[in-house]
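Student: Can you read through this structure? Questions will come right after.
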Amino acid sequence: MIKNIIFDWGDTVMRDYPELLGAMCDWPHVELIPHVYSALTELKSKYTLVIATTAGVSDTDAMVRALQRVAVKEMFSAFYSSKELGVSKPDPLFFTEVCRRAELQPRCTVMVGNDYEKDIVGAKTAGLKTVFFNEKHRSGNFPAADILISSMDALCMAIDRLNGKPQGK
């Protein structure tokens with residue numbers, strides 16, 4: 001039974017603009033991925049939500065400041081970055097360490113991320129369920145993804161499917 005959801009940060013919760021330099025919290029404009037606010041709002045009432053990133057420039061504090069700018073910080077119970085964890089995605093130890101620190105059981109946890117290799121393969125190897133957010137419609141085989149979605153408006157239904165809930169109810 002799924003009880004927890006770990007979200008990747010860049011291009012999963014908040015739009016990442018590679019052409020902008022520095023920490024996202026200092027960018028002139030920040031924005032959420034479409035439909036993520038409503039998905040987080042619905043999921044927060046049923047699951048423990050955590051956010052974890054391997055952001056190159058930002059540490060955990062900078063990530064939290066960016067999340068505050070788009071009014072979703074309160075949706076998450078814990079925040080982690082590779083800078084503080086000492087390990088980066090796709091290393092399965094990244095996901096194991098997030099679960100350990102947040103007191104989550106990997107078998108009851110889903111990883112939601114937009115980078116198949118970094119977010120999904122490592123999480124699956126660490127024993128988590130996985131939802132691959134394939135917004136850019138990449139083609140190929142994604143065997144480590146339990147579920148593939150292309151829009152965040154499908155996330156709640158995907159989590160229900162992982163929990164064995166019948167569709168349409």
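Here, A, B, ... name the chains of the structure tokens in the order displayed, residue numbers run from 1 inside each chain, and ligands are numbered from 1 in the same displayed order.
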Compile a residue-level contact table for region 28-70 of chain A against region 145-162 of chain A at a cut-off of 12 Å, reporting for every qualifying residue the shortest atom pair and its distance in Å to one decimal, with only C-alpha atoms counted, rows ordered by chain and ascending number, as JSON lines.

Tutor:
```
{"residue": "A:Leu32", "atom": "CA", "partner": "A:Met152", "partner_atom": "CA", "distance": 10.7}
{"residue": "A:Ile33", "atom": "CA", "partner": "A:Met152", "partner_atom": "CA", "distance": 7.7}
{"residue": "A:Pro34", "atom": "CA", "partner": "A:Met152", "partner_atom": "CA", "distance": 6.8}
{"residue": "A:His35", "atom": "CA", "partner": "A:Met152", "partner_atom": "CA", "distance": 5.3}
{"residue": "A:Val36", "atom": "CA", "partner": "A:Met152", "partner_atom": "CA", "distance": 5.5}
{"residue": "A:Tyr37", "atom": "CA", "partner": "A:Met152", "partner_atom": "CA", "distance": 8.9}
{"residue": "A:Ser38", "atom": "CA", "partner": "A:Asp153", "partner_atom": "CA", "distance": 7.8}
{"residue": "A:Ala39", "atom": "CA", "partner": "A:Cys156", "partner_atom": "CA", "distance": 6.3}
{"residue": "A:Leu40", "atom": "CA", "partner": "A:Cys156", "partner_atom": "CA", "distance": 8.7}
{"residue": "A:Thr41", "atom": "CA", "partner": "A:Cys156", "partner_atom": "CA", "distance": 10.2}
{"residue": "A:Glu42", "atom": "CA", "partner": "A:Cys156", "partner_atom": "CA", "distance": 7.5}
{"residue": "A:Leu43", "atom": "CA", "partner": "A:Cys156", "partner_atom": "CA", "distance": 6.8}
{"residue": "A:Lys44", "atom": "CA", "partner": "A:Cys156", "partner_atom": "CA", "distance": 10.6}
{"residue": "A:Ser45", "atom": "CA", "partner": "A:Cys156", "partner_atom": "CA", "distance": 11.6}
{"residue": "A:Lys46", "atom": "CA", "partner": "A:Cys156", "partner_atom": "CA", "distance": 10.4}
{"residue": "A:Tyr47", "atom": "CA", "partner": "A:Ile159", "partner_atom": "CA", "distance": 10.0}
```

Student: Could you give me, as a PDB file with all heavy atoms, in the first residue's frame, the residues within 9 Å of Met1 (chain A), counting only C-alpha atoms and dropping anything in the same chain fewer than 4 positions from it?

Tutor:
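Output file result.pdb is given in full below:
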```
ATOM      1  N   ARG A 107       9.044   0.228   0.142  1.00  0.00           N
ATOM      2  CA  ARG A 107       7.974  -0.542  -0.515  1.00  0.00           C
ATOM      3  C   ARG A 107       6.624   0.168  -0.454  1.00  0.00           C
ATOM      4  O   ARG A 107       5.709  -0.184  -1.204  1.00  0.00           O
ATOM      5  CB  ARG A 107       7.878  -1.942   0.080  1.00  0.00           C
ATOM      6  CG  ARG A 107       7.482  -1.980   1.532  1.00  0.00           C
ATOM      7  CD  ARG A 107       7.451  -3.421   2.065  1.00  0.00           C
ATOM      8  NE  ARG A 107       7.248  -3.443   3.487  1.00  0.00           N
ATOM      9  CZ  ARG A 107       6.075  -3.247   4.088  1.00  0.00           C
ATOM     10  NH1 ARG A 107       5.008  -3.030   3.377  1.00  0.00           N
ATOM     11  NH2 ARG A 107       5.986  -3.282   5.407  1.00  0.00           N
ATOM     12  N   CYS A 108       6.505   1.187   0.401  1.00  0.00           N
ATOM     13  CA  CYS A 108       5.260   1.959   0.536  1.00  0.00           C
ATOM     14  C   CYS A 108       5.407   3.358  -0.066  1.00  0.00           C
ATOM     15  O   CYS A 108       4.617   4.253   0.225  1.00  0.00           O
ATOM     16  CB  CYS A 108       4.873   2.093   1.999  1.00  0.00           C
ATOM     17  SG  CYS A 108       4.533   0.522   2.804  1.00  0.00           S
ATOM     18  N   THR A 109       6.439   3.529  -0.890  1.00  0.00           N
ATOM     19  CA  THR A 109       6.788   4.851  -1.399  1.00  0.00           C
ATOM     20  C   THR A 109       6.870   4.854  -2.921  1.00  0.00           C
ATOM     21  O   THR A 109       7.366   3.906  -3.516  1.00  0.00           O
ATOM     22  CB  THR A 109       8.140   5.310  -0.795  1.00  0.00           C
ATOM     23  OG1 THR A 109       8.021   5.268   0.641  1.00  0.00           O
ATOM     24  CG2 THR A 109       8.507   6.706  -1.229  1.00  0.00           C
ATOM     25  N   LEU A 162      -1.571   2.435  -8.578  1.00  0.00           N
ATOM     26  CA  LEU A 162      -0.510   1.754  -7.827  1.00  0.00           C
ATOM     27  C   LEU A 162      -1.042   1.185  -6.511  1.00  0.00           C
ATOM     28  O   LEU A 162      -0.510   0.207  -6.000  1.00  0.00           O
ATOM     29  CB  LEU A 162       0.662   2.700  -7.564  1.00  0.00           C
ATOM     30  CG  LEU A 162       1.515   3.031  -8.784  1.00  0.00           C
ATOM     31  CD1 LEU A 162       2.520   4.120  -8.439  1.00  0.00           C
ATOM     32  CD2 LEU A 162       2.232   1.790  -9.310  1.00  0.00           C
ATOM     33  N   ASN A 163      -2.065   1.806  -5.978  1.00  0.00           N
ATOM     34  CA  ASN A 163      -2.680   1.322  -4.740  1.00  0.00           C
ATOM     35  C   ASN A 163      -3.768   0.298  -4.998  1.00  0.00           C
ATOM     36  O   ASN A 163      -4.462  -0.121  -4.078  1.00  0.00           O
ATOM     37  CB  ASN A 163      -3.249   2.499  -3.931  1.00  0.00           C
ATOM     38  CG  ASN A 163      -2.337   2.892  -2.797  1.00  0.00           C
ATOM     39  OD1 ASN A 163      -1.556   2.087  -2.310  1.00  0.00           O
ATOM     40  ND2 ASN A 163      -2.412   4.139  -2.398  1.00  0.00           N
ATOM     41  N   GLY A 164      -3.953  -0.074  -6.272  1.00  0.00           N
ATOM     42  CA  GLY A 164      -4.918  -1.114  -6.607  1.00  0.00           C
ATOM     43  C   GLY A 164      -6.367  -0.659  -6.593  1.00  0.00           C
ATOM     44  O   GLY A 164      -7.266  -1.493  -6.537  1.00  0.00           O
TER      45      GLY A 164
END
```

Student: From a DSSP calculation on the backbone, collect every residue of region 11-164 of chain A in strand (DSSP E) and output the set as JSON, numbers by chain.

Tutor: {"A": [48, 49, 50, 51, 52, 53, 78, 79, 80, 81, 109, 110, 111, 112, 113, 129, 130, 131, 132, 133, 147, 148, 149]}

Student: Hey, what does DSSP flag as alpha helix (DSSP H) within chain A? Can you give it to me as a PDB file with N, CA, C and O atoms, in the first residue's frame?

Tutor:
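As written to disk, part_4.pdb reads:
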```
ATOM      1  N   VAL A  36       0.248  20.676 -11.395  1.00  0.00           N
ATOM      2  CA  VAL A  36       0.899  20.090 -10.222  1.00  0.00           C
ATOM      3  C   VAL A  36       0.283  20.615  -8.927  1.00  0.00           C
ATOM      4  O   VAL A  36       0.180  19.871  -7.946  1.00  0.00           O
ATOM      5  N   TYR A  37      -0.152  21.861  -8.897  1.00  0.00           N
ATOM      6  CA  TYR A  37      -0.734  22.401  -7.669  1.00  0.00           C
ATOM      7  C   TYR A  37      -1.977  21.617  -7.267  1.00  0.00           C
ATOM      8  O   TYR A  37      -2.114  21.216  -6.106  1.00  0.00           O
ATOM      9  N   SER A  38      -2.868  21.368  -8.196  1.00  0.00           N
ATOM     10  CA  SER A  38      -4.088  20.626  -7.866  1.00  0.00           C
ATOM     11  C   SER A  38      -3.763  19.177  -7.488  1.00  0.00           C
ATOM     12  O   SER A  38      -4.378  18.609  -6.581  1.00  0.00           O
ATOM     13  N   ALA A  39      -2.787  18.575  -8.150  1.00  0.00           N
ATOM     14  CA  ALA A  39      -2.387  17.205  -7.797  1.00  0.00           C
ATOM     15  C   ALA A  39      -1.810  17.162  -6.383  1.00  0.00           C
ATOM     16  O   ALA A  39      -2.181  16.295  -5.582  1.00  0.00           O
ATOM     17  N   LEU A  40      -0.933  18.108  -6.056  1.00  0.00           N
ATOM     18  CA  LEU A  40      -0.350  18.144  -4.715  1.00  0.00           C
ATOM     19  C   LEU A  40      -1.427  18.358  -3.659  1.00  0.00           C
ATOM     20  O   LEU A  40      -1.411  17.726  -2.599  1.00  0.00           O
ATOM     21  N   THR A  41      -2.358  19.249  -3.948  1.00  0.00           N
ATOM     22  CA  THR A  41      -3.438  19.533  -3.003  1.00  0.00           C
ATOM     23  C   THR A  41      -4.242  18.278  -2.701  1.00  0.00           C
ATOM     24  O   THR A  41      -4.539  17.975  -1.544  1.00  0.00           O
ATOM     25  N   GLU A  42      -4.581  17.519  -3.730  1.00  0.00           N
ATOM     26  CA  GLU A  42      -5.342  16.289  -3.530  1.00  0.00           C
ATOM     27  C   GLU A  42      -4.520  15.211  -2.830  1.00  0.00           C
ATOM     28  O   GLU A  42      -4.989  14.548  -1.906  1.00  0.00           O
ATOM     29  N   LEU A  43      -3.279  15.035  -3.248  1.00  0.00           N
ATOM     30  CA  LEU A  43      -2.441  13.981  -2.685  1.00  0.00           C
ATOM     31  C   LEU A  43      -2.051  14.265  -1.237  1.00  0.00           C
ATOM     32  O   LEU A  43      -1.904  13.328  -0.443  1.00  0.00           O
ATOM     33  N   LYS A  44      -1.889  15.515  -0.871  1.00  0.00           N
ATOM     34  CA  LYS A  44      -1.459  15.893   0.484  1.00  0.00           C
ATOM     35  C   LYS A  44      -2.418  15.360   1.546  1.00  0.00           C
ATOM     36  O   LYS A  44      -1.997  15.041   2.654  1.00  0.00           O
ATOM     37  N   THR A  60      19.282  22.527  -0.315  1.00  0.00           N
ATOM     38  CA  THR A  60      17.923  22.342   0.203  1.00  0.00           C
ATOM     39  C   THR A  60      17.279  23.674   0.555  1.00  0.00           C
ATOM     40  O   THR A  60      16.109  23.907   0.233  1.00  0.00           O
ATOM     41  N   ASP A  61      18.013  24.569   1.202  1.00  0.00           N
ATOM     42  CA  ASP A  61      17.462  25.864   1.584  1.00  0.00           C
ATOM     43  C   ASP A  61      17.009  26.660   0.358  1.00  0.00           C
ATOM     44  O   ASP A  61      15.923  27.251   0.358  1.00  0.00           O
ATOM     45  N   ALA A  62      17.794  26.655  -0.700  1.00  0.00           N
ATOM     46  CA  ALA A  62      17.427  27.376  -1.930  1.00  0.00           C
ATOM     47  C   ALA A  62      16.193  26.737  -2.573  1.00  0.00           C
ATOM     48  O   ALA A  62      15.328  27.443  -3.089  1.00  0.00           O
ATOM     49  N   MET A  63      16.101  25.408  -2.536  1.00  0.00           N
ATOM     50  CA  MET A  63      14.922  24.730  -3.080  1.00  0.00           C
ATOM     51  C   MET A  63      13.676  25.144  -2.295  1.00  0.00           C
ATOM     52  O   MET A  63      12.640  25.461  -2.884  1.00  0.00           O
ATOM     53  N   VAL A  64      13.764  25.162  -0.984  1.00  0.00           N
ATOM     54  CA  VAL A  64      12.630  25.544  -0.151  1.00  0.00           C
ATOM     55  C   VAL A  64      12.213  26.986  -0.455  1.00  0.00           C
ATOM     56  O   VAL A  64      11.017  27.282  -0.564  1.00  0.00           O
ATOM     57  N   ARG A  65      13.169  27.881  -0.624  1.00  0.00           N
ATOM     58  CA  ARG A  65      12.838  29.278  -0.952  1.00  0.00           C
ATOM     59  C   ARG A  65      12.124  29.375  -2.309  1.00  0.00           C
ATOM     60  O   ARG A  65      11.191  30.163  -2.467  1.00  0.00           O
ATOM     61  N   ALA A  66      12.530  28.573  -3.273  1.00  0.00           N
ATOM     62  CA  ALA A  66      11.847  28.562  -4.578  1.00  0.00           C
ATOM     63  C   ALA A  66      10.425  28.027  -4.428  1.00  0.00           C
ATOM     64  O   ALA A  66       9.482  28.574  -5.010  1.00  0.00           O
ATOM     65  N   LEU A  67      10.256  26.966  -3.652  1.00  0.00           N
ATOM     66  CA  LEU A  67       8.927  26.400  -3.432  1.00  0.00           C
ATOM     67  C   LEU A  67       8.011  27.397  -2.725  1.00  0.00           C
ATOM     68  O   LEU A  67       6.807  27.446  -2.997  1.00  0.00           O
ATOM     69  N   GLN A  68       8.563  28.217  -1.842  1.00  0.00           N
ATOM     70  CA  GLN A  68       7.775  29.258  -1.172  1.00  0.00           C
ATOM     71  C   GLN A  68       7.269  30.289  -2.169  1.00  0.00           C
ATOM     72  O   GLN A  68       6.153  30.791  -2.034  1.00  0.00           O
ATOM     73  N   ARG A  69       8.060  30.587  -3.180  1.00  0.00           N
ATOM     74  CA  ARG A  69       7.663  31.594  -4.182  1.00  0.00           C
ATOM     75  C   ARG A  69       6.434  31.174  -4.967  1.00  0.00           C
ATOM     76  O   ARG A  69       5.719  32.030  -5.485  1.00  0.00           O
ATOM     77  N   SER A  82      20.948  16.576  -2.935  1.00  0.00           N
ATOM     78  CA  SER A  82      22.165  15.768  -2.961  1.00  0.00           C
ATOM     79  C   SER A  82      23.301  16.444  -2.205  1.00  0.00           C
ATOM     80  O   SER A  82      24.154  15.759  -1.657  1.00  0.00           O
ATOM     81  N   LYS A  83      23.289  17.760  -2.148  1.00  0.00           N
ATOM     82  CA  LYS A  83      24.359  18.471  -1.427  1.00  0.00           C
ATOM     83  C   LYS A  83      24.385  18.072   0.039  1.00  0.00           C
ATOM     84  O   LYS A  83      25.453  17.869   0.611  1.00  0.00           O
ATOM     85  N   GLU A  84      23.225  17.953   0.662  1.00  0.00           N
ATOM     86  CA  GLU A  84      23.162  17.553   2.069  1.00  0.00           C
ATOM     87  C   GLU A  84      23.226  16.039   2.251  1.00  0.00           C
ATOM     88  O   GLU A  84      23.751  15.560   3.251  1.00  0.00           O
ATOM     89  N   LEU A  85      22.681  15.304   1.304  1.00  0.00           N
ATOM     90  CA  LEU A  85      22.667  13.850   1.425  1.00  0.00           C
ATOM     91  C   LEU A  85      24.040  13.228   1.180  1.00  0.00           C
ATOM     92  O   LEU A  85      24.322  12.136   1.662  1.00  0.00           O
ATOM     93  N   PRO A  92      21.039   4.406  -6.257  1.00  0.00           N
ATOM     94  CA  PRO A  92      19.941   3.944  -5.404  1.00  0.00           C
ATOM     95  C   PRO A  92      20.088   4.386  -3.947  1.00  0.00           C
ATOM     96  O   PRO A  92      19.102   4.554  -3.243  1.00  0.00           O
ATOM     97  N   LEU A  93      21.326   4.619  -3.527  1.00  0.00           N
ATOM     98  CA  LEU A  93      21.563   5.085  -2.156  1.00  0.00           C
ATOM     99  C   LEU A  93      20.912   6.452  -1.906  1.00  0.00           C
ATOM    100  O   LEU A  93      20.493   6.746  -0.792  1.00  0.00           O
ATOM    101  N   PHE A  94      20.785   7.276  -2.946  1.00  0.00           N
ATOM    102  CA  PHE A  94      20.099   8.566  -2.818  1.00  0.00           C
ATOM    103  C   PHE A  94      18.673   8.332  -2.313  1.00  0.00           C
ATOM    104  O   PHE A  94      18.226   8.953  -1.345  1.00  0.00           O
ATOM    105  N   PHE A  95      17.960   7.413  -2.945  1.00  0.00           N
ATOM    106  CA  PHE A  95      16.563   7.136  -2.602  1.00  0.00           C
ATOM    107  C   PHE A  95      16.456   6.431  -1.256  1.00  0.00           C
ATOM    108  O   PHE A  95      15.563   6.735  -0.460  1.00  0.00           O
ATOM    109  N   THR A  96      17.373   5.518  -0.995  1.00  0.00           N
ATOM    110  CA  THR A  96      17.404   4.827   0.291  1.00  0.00           C
ATOM    111  C   THR A  96      17.639   5.818   1.422  1.00  0.00           C
ATOM    112  O   THR A  96      16.994   5.737   2.470  1.00  0.00           O
ATOM    113  N   GLU A  97      18.537   6.756   1.200  1.00  0.00           N
ATOM    114  CA  GLU A  97      18.851   7.749   2.233  1.00  0.00           C
ATOM    115  C   GLU A  97      17.685   8.716   2.460  1.00  0.00           C
ATOM    116  O   GLU A  97      17.384   9.082   3.593  1.00  0.00           O
ATOM    117  N   VAL A  98      17.007   9.119   1.401  1.00  0.00           N
ATOM    118  CA  VAL A  98      15.816   9.962   1.557  1.00  0.00           C
ATOM    119  C   VAL A  98      14.775   9.212   2.390  1.00  0.00           C
ATOM    120  O   VAL A  98      14.203   9.766   3.343  1.00  0.00           O
ATOM    121  N   CYS A  99      14.538   7.956   2.062  1.00  0.00           N
ATOM    122  CA  CYS A  99      13.569   7.163   2.820  1.00  0.00           C
ATOM    123  C   CYS A  99      13.998   7.018   4.279  1.00  0.00           C
ATOM    124  O   CYS A  99      13.167   7.155   5.192  1.00  0.00           O
ATOM    125  N   ARG A 100      15.265   6.765   4.509  1.00  0.00           N
ATOM    126  CA  ARG A 100      15.758   6.602   5.880  1.00  0.00           C
ATOM    127  C   ARG A 100      15.553   7.884   6.680  1.00  0.00           C
ATOM    128  O   ARG A 100      14.998   7.873   7.775  1.00  0.00           O
ATOM    129  N   ARG A 101      15.972   9.006   6.107  1.00  0.00           N
ATOM    130  CA  ARG A 101      15.875  10.280   6.835  1.00  0.00           C
ATOM    131  C   ARG A 101      14.429  10.711   7.052  1.00  0.00           C
ATOM    132  O   ARG A 101      14.108  11.318   8.070  1.00  0.00           O
ATOM    133  N   ALA A 102      13.564  10.430   6.107  1.00  0.00           N
ATOM    134  CA  ALA A 102      12.150  10.818   6.225  1.00  0.00           C
ATOM    135  C   ALA A 102      11.309   9.746   6.920  1.00  0.00           C
ATOM    136  O   ALA A 102      10.108   9.923   7.097  1.00  0.00           O
ATOM    137  N   GLY A 122      17.000   4.535 -10.651  1.00  0.00           N
ATOM    138  CA  GLY A 122      17.580   4.455  -9.308  1.00  0.00           C
ATOM    139  C   GLY A 122      16.547   4.158  -8.240  1.00  0.00           C
ATOM    140  O   GLY A 122      16.782   3.365  -7.327  1.00  0.00           O
ATOM    141  N   ALA A 123      15.382   4.814  -8.346  1.00  0.00           N
ATOM    142  CA  ALA A 123      14.320   4.588  -7.355  1.00  0.00           C
ATOM    143  C   ALA A 123      13.821   3.148  -7.411  1.00  0.00           C
ATOM    144  O   ALA A 123      13.595   2.517  -6.372  1.00  0.00           O
ATOM    145  N   LYS A 124      13.636   2.637  -8.606  1.00  0.00           N
ATOM    146  CA  LYS A 124      13.164   1.252  -8.767  1.00  0.00           C
ATOM    147  C   LYS A 124      14.174   0.281  -8.162  1.00  0.00           C
ATOM    148  O   LYS A 124      13.798  -0.667  -7.459  1.00  0.00           O
ATOM    149  N   THR A 125      15.451   0.514  -8.414  1.00  0.00           N
ATOM    150  CA  THR A 125      16.506  -0.335  -7.859  1.00  0.00           C
ATOM    151  C   THR A 125      16.504  -0.294  -6.328  1.00  0.00           C
ATOM    152  O   THR A 125      16.798  -1.289  -5.673  1.00  0.00           O
ATOM    153  N   LEU A 155      -1.711  12.343 -12.427  1.00  0.00           N
ATOM    154  CA  LEU A 155      -0.928  11.778 -11.327  1.00  0.00           C
ATOM    155  C   LEU A 155      -1.792  11.119 -10.257  1.00  0.00           C
ATOM    156  O   LEU A 155      -1.475  10.012  -9.809  1.00  0.00           O
ATOM    157  N   CYS A 156      -2.853  11.738  -9.831  1.00  0.00           N
ATOM    158  CA  CYS A 156      -3.685  11.156  -8.764  1.00  0.00           C
ATOM    159  C   CYS A 156      -4.244   9.802  -9.185  1.00  0.00           C
ATOM    160  O   CYS A 156      -4.235   8.848  -8.398  1.00  0.00           O
ATOM    161  N   MET A 157      -4.686   9.706 -10.414  1.00  0.00           N
ATOM    162  CA  MET A 157      -5.197   8.432 -10.922  1.00  0.00           C
ATOM    163  C   MET A 157      -4.075   7.390 -10.983  1.00  0.00           C
ATOM    164  O   MET A 157      -4.291   6.212 -10.674  1.00  0.00           O
ATOM    165  N   ALA A 158      -2.876   7.813 -11.338  1.00  0.00           N
ATOM    166  CA  ALA A 158      -1.735   6.886 -11.385  1.00  0.00           C
ATOM    167  C   ALA A 158      -1.424   6.343  -9.989  1.00  0.00           C
ATOM    168  O   ALA A 158      -1.185   5.135  -9.834  1.00  0.00           O
ATOM    169  N   ILE A 159      -1.449   7.195  -8.993  1.00  0.00           N
ATOM    170  CA  ILE A 159      -1.190   6.747  -7.622  1.00  0.00           C
ATOM    171  C   ILE A 159      -2.300   5.796  -7.166  1.00  0.00           C
ATOM    172  O   ILE A 159      -2.029   4.767  -6.536  1.00  0.00           O
ATOM    173  N   ASP A 160      -3.536   6.109  -7.508  1.00  0.00           N
ATOM    174  CA  ASP A 160      -4.645   5.196  -7.193  1.00  0.00           C
ATOM    175  C   ASP A 160      -4.424   3.830  -7.831  1.00  0.00           C
ATOM    176  O   ASP A 160      -4.659   2.794  -7.200  1.00  0.00           O
ATOM    177  N   ARG A 161      -3.971   3.806  -9.077  1.00  0.00           N
ATOM    178  CA  ARG A 161      -3.691   2.532  -9.761  1.00  0.00           C
ATOM    179  C   ARG A 161      -2.626   1.738  -9.023  1.00  0.00           C
ATOM    180  O   ARG A 161      -2.732   0.518  -8.863  1.00  0.00           O
ATOM    181  N   LEU A 162      -1.571   2.435  -8.578  1.00  0.00           N
ATOM    182  CA  LEU A 162      -0.510   1.754  -7.827  1.00  0.00           C
ATOM    183  C   LEU A 162      -1.042   1.185  -6.511  1.00  0.00           C
ATOM    184  O   LEU A 162      -0.510   0.207  -6.000  1.00  0.00           O
TER     185      LEU A 162
END
```

Student: Provide the CA of Asp8 (chain A) to CA of Thr53 (chain A) distance in Å, to one decimal place.

Tutor: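 Between CA of Asp8 (chain A) and CA of Thr53 (chain A) the gap is 5.5 Å.
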
Student: When you draw a straight line from CA of Tyr80 (chain A) to CA of Thr12 (chain A), how long is it in Å?

Tutor: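 CA of Thr12 (chain A) lies at a distance of 14.9 Å from CA of Tyr80 (chain A).
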
Student: Any idea what's packed within 9 Å of Trp9 (chain A), counting only C-alpha atoms, ignoring anything in its chain fewer than 3 positions away? Could you give it as a PyMOL selection string?

Tutor: chain A and resi 12-16+51-55+63+113

Student: Between A:Tyr17, A:Ile6, A:Asp11, A:Ile120, single out the one closest to Lys136 (chain A), counting only C-alpha atoms.

Tutor: A:Asp11

Student: Residues at most 12 Å from Leu20 (chain A), counting only C-alpha atoms, excluding those fewer than 5 positions away in the same chain, as a ChimeraX atom specification?

Tutor: /A:15,25-30,57

Student: By how many Å are CA of His137 (chain A) and CA of Pro18 (chain A) apart?

Tutor: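 It comes out at 18.9 Å.
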